[in-house]
Amino acid sequence: MLCLFLAACNGDHLPTLRSFESAFVVTDELMLHNMKVGEATAYTVDSQGMIYVIDKARKHIKKFDHKGNLVVTFGSPGNGPGLFVLPWVITCDMNDNIYVLDLSQSRVNIFDSGGGFLRSFIFSSVGFSGIAIAVSDSGEIYIGGEKPQNDRSSLMIHKFDH
Amino acid sequence: MDENVRRLDLSIVGGVRIAMGSNNNLFAVQEVNPMFFEFTLSGEYLNKLGGIPSFYKEPFKFPKFTYPKDKLQATKLLGKFTQLTNIITVPSSQGKLVMLIYAVHAPSKFAIDVYKENGECLIDSIGTDQALIMADRLGKMYFNKHALDYTEIGSERRNAPLILSRCAVLPALEKE
């Protein structure tokens, strides 16, 4: 393991951090068409390099190609399957299906890579508040979050078989 | 869908983030815990991995939950503790690399530690103002070049164009 070289450097004990270039190399940059920093809440990328971004203000998903051009917008504001109140996190599976967790509805909406709505489910039946999502290669859906219990919160992961 | 609820052996209030490993495993982190946890896909706890970074500052309770309006003062206050904001797994030639992203606020917004899936640290304390947001299946990582921190959410910086930096892990590091 590489050695540490952290040190307190002044009265506020600011850590000394390694440079970005000591671990990573930038290959290119892309500007997402007409998208502002403050509009995006979460991102995912599929096997074709297509980028999906939650636009929290407009409550929909924007799909961009690998050059940053807008390909399609899908989902819309509202309560129910395929709709968004507070889209929070997004991920994709091996087949490039897109999973969007809606914090307010406690719902996961699932779309194909073209933005076609496939199905949705609600995960809040046990008072669980989900804030993170991942999908395994075999299609199981995992949701991380918390459930208030006796003035404490227990972190949980829910598994939903596909 | 059949629901199979698995409870993590964690009980501290705070957000949780999850990511898939390469070998039918699941990794999870908490915002207020510097380490990461490994589970089987059926929810069985396997390991507590990683370590306490040298830059890590324990959480503490704010005297009042308001940030100073002055960005410098707010950054100074937030810099008094470390928040583990995300875990991202990145495909590599040897399984996946596990990236832990901490909000440190100063001297840069974030610090990144890079681990192997077995918990071995490859490199730590990488400072950056860019936010690592995702990785594709080829191992390319995406950073939000002008990520906002808590002190900038209401600022004009939120109207800046969204630019992503595509990055790769240095080959020498991946071979460690």
# chains A, B, ... in the order shown; residues from 1 in each chain; ligands from 1
$ residues_around --residues "Glu58 in chain B" --least-positions-apart "3" --cutoff "12 Å" --atoms "only C-alpha atoms" --output "MDAnalysis selection string"
chainID B and resid 31:34 52:55 61 78:84 104
$ write_last_selection --atoms "N, CA and C atoms" --output "PDB file, in the first residue's frame"
ATOM      1  N   GLU B  31     -23.032   7.617   5.695  1.00  0.00           N
ATOM      2  CA  GLU B  31     -22.421   8.944   5.634  1.00  0.00           C
ATOM      3  C   GLU B  31     -21.511   9.212   6.824  1.00  0.00           C
ATOM      4  N   VAL B  32     -21.845   8.655   7.970  1.00  0.00           N
ATOM      5  CA  VAL B  32     -21.119   9.016   9.189  1.00  0.00           C
ATOM      6  C   VAL B  32     -20.174   7.910   9.660  1.00  0.00           C
ATOM      7  N   ASN B  33     -19.836   7.018   8.763  1.00  0.00           N
ATOM      8  CA  ASN B  33     -18.916   5.936   9.105  1.00  0.00           C
ATOM      9  C   ASN B  33     -17.850   5.882   8.009  1.00  0.00           C
ATOM     10  N   PRO B  34     -16.576   5.896   8.357  1.00  0.00           N
ATOM     11  CA  PRO B  34     -15.557   5.996   7.313  1.00  0.00           C
ATOM     12  C   PRO B  34     -15.283   4.690   6.575  1.00  0.00           C
ATOM     13  N   ILE B  52      -9.831   3.998   8.702  1.00  0.00           N
ATOM     14  CA  ILE B  52     -10.145   5.398   9.001  1.00  0.00           C
ATOM     15  C   ILE B  52      -9.101   6.267   8.315  1.00  0.00           C
ATOM     16  N   PRO B  53      -9.519   7.055   7.332  1.00  0.00           N
ATOM     17  CA  PRO B  53      -8.545   7.890   6.625  1.00  0.00           C
ATOM     18  C   PRO B  53      -7.881   8.892   7.557  1.00  0.00           C
ATOM     19  N   SER B  54      -6.664   9.243   7.218  1.00  0.00           N
ATOM     20  CA  SER B  54      -5.941  10.202   8.058  1.00  0.00           C
ATOM     21  C   SER B  54      -6.636  11.548   8.087  1.00  0.00           C
ATOM     22  N   PHE B  55      -7.374  11.869   7.016  1.00  0.00           N
ATOM     23  CA  PHE B  55      -8.048  13.168   6.971  1.00  0.00           C
ATOM     24  C   PHE B  55      -9.395  13.138   7.690  1.00  0.00           C
ATOM     25  N   LYS B  61     -22.312  17.252  16.663  1.00  0.00           N
ATOM     26  CA  LYS B  61     -23.599  17.919  16.550  1.00  0.00           C
ATOM     27  C   LYS B  61     -23.391  19.427  16.456  1.00  0.00           C
ATOM     28  N   LEU B  78     -18.153  23.332   7.866  1.00  0.00           N
ATOM     29  CA  LEU B  78     -18.362  21.997   7.301  1.00  0.00           C
ATOM     30  C   LEU B  78     -17.068  21.183   7.293  1.00  0.00           C
ATOM     31  N   GLY B  79     -15.948  21.885   7.173  1.00  0.00           N
ATOM     32  CA  GLY B  79     -14.658  21.195   7.147  1.00  0.00           C
ATOM     33  C   GLY B  79     -14.261  20.600   8.483  1.00  0.00           C
ATOM     34  N   LYS B  80     -15.068  20.813   9.495  1.00  0.00           N
ATOM     35  CA  LYS B  80     -14.745  20.266  10.815  1.00  0.00           C
ATOM     36  C   LYS B  80     -15.090  18.787  10.929  1.00  0.00           C
ATOM     37  N   PHE B  81     -15.838  18.274   9.951  1.00  0.00           N
ATOM     38  CA  PHE B  81     -16.113  16.835   9.974  1.00  0.00           C
ATOM     39  C   PHE B  81     -16.115  16.280   8.557  1.00  0.00           C
ATOM     40  N   THR B  82     -16.004  14.987   8.467  1.00  0.00           N
ATOM     41  CA  THR B  82     -15.918  14.308   7.176  1.00  0.00           C
ATOM     42  C   THR B  82     -17.186  13.510   6.939  1.00  0.00           C
ATOM     43  N   GLN B  83     -17.696  13.593   5.729  1.00  0.00           N
ATOM     44  CA  GLN B  83     -18.921  12.871   5.372  1.00  0.00           C
ATOM     45  C   GLN B  83     -18.614  11.943   4.205  1.00  0.00           C
ATOM     46  N   LEU B  84     -18.892  10.653   4.396  1.00  0.00           N
ATOM     47  CA  LEU B  84     -18.695   9.703   3.292  1.00  0.00           C
ATOM     48  C   LEU B  84     -19.916   9.814   2.376  1.00  0.00           C
ATOM     49  N   VAL B 104     -14.827  16.658   2.210  1.00  0.00           N
ATOM     50  CA  VAL B 104     -13.908  17.192   3.222  1.00  0.00           C
ATOM     51  C   VAL B 104     -13.924  18.722   3.242  1.00  0.00           C
TER      52      VAL B 104
END
$ closest_residue --among "A:Phe84, A:Ala134, A:Phe64, A:Ile141" --to "chain B" --atoms "only C-alpha atoms"
A:Ala134
$ residues_around --residues "Lys62 in chain A" --least-positions-apart "6" --cutoff "9 Å" --atoms "only C-alpha atoms" --output "list of chain:residue names"
A:Ile51, A:Tyr52, A:Val53, A:Ile54, A:Asp55, A:Leu70, A:Val71, A:Val72, A:Thr73, A:Phe74
$ write_last_selection --atoms "C-alpha atoms" --output "PDB file, in the first residue's frame"
ATOM      1  CA  ILE A  51     -25.859   9.048 -20.076  1.00  0.00           C
ATOM      2  CA  TYR A  52     -29.101   9.407 -18.111  1.00  0.00           C
ATOM      3  CA  VAL A  53     -29.638  12.370 -15.799  1.00  0.00           C
ATOM      4  CA  ILE A  54     -32.447  13.143 -13.378  1.00  0.00           C
ATOM      5  CA  ASP A  55     -33.674  16.693 -13.987  1.00  0.00           C
ATOM      6  CA  LEU A  70     -29.863  15.208 -25.944  1.00  0.00           C
ATOM      7  CA  VAL A  71     -31.411  12.001 -27.296  1.00  0.00           C
ATOM      8  CA  VAL A  72     -34.745  11.767 -25.518  1.00  0.00           C
ATOM      9  CA  THR A  73     -36.601  12.942 -22.424  1.00  0.00           C
ATOM     10  CA  PHE A  74     -38.887  10.567 -20.543  1.00  0.00           C
TER      11      PHE A  74
END
$ closest_residue --among "A:His13, A:Arg107, A:Lys36, A:Lys67" --to "Gly49 in chain A" --atoms "only C-alpha atoms"
A:Lys67
$ select_by_dssp --residues "range 51-131 of chain B" --states "strand (DSSP E or B)" --output "number ranges by chain"
B: 83-92, 95-103, 110-116, 121-128, 131
$ atom_distance --atom1 "CA of Thr44 in chain A" --atom2 "CA of Lys63 in chain A"
9.7 Å
$ residues_around --residues "range 69-76 of chain B" --least-positions-apart "4" --cutoff "9 Å" --atoms "only C-alpha atoms" --output "count of residues only"
7
$ closest_residue --among "A:Leu101, A:Ile61, A:Ala132, A:Val89" --to "chain B" --atoms "only C-alpha atoms"
A:Ala132
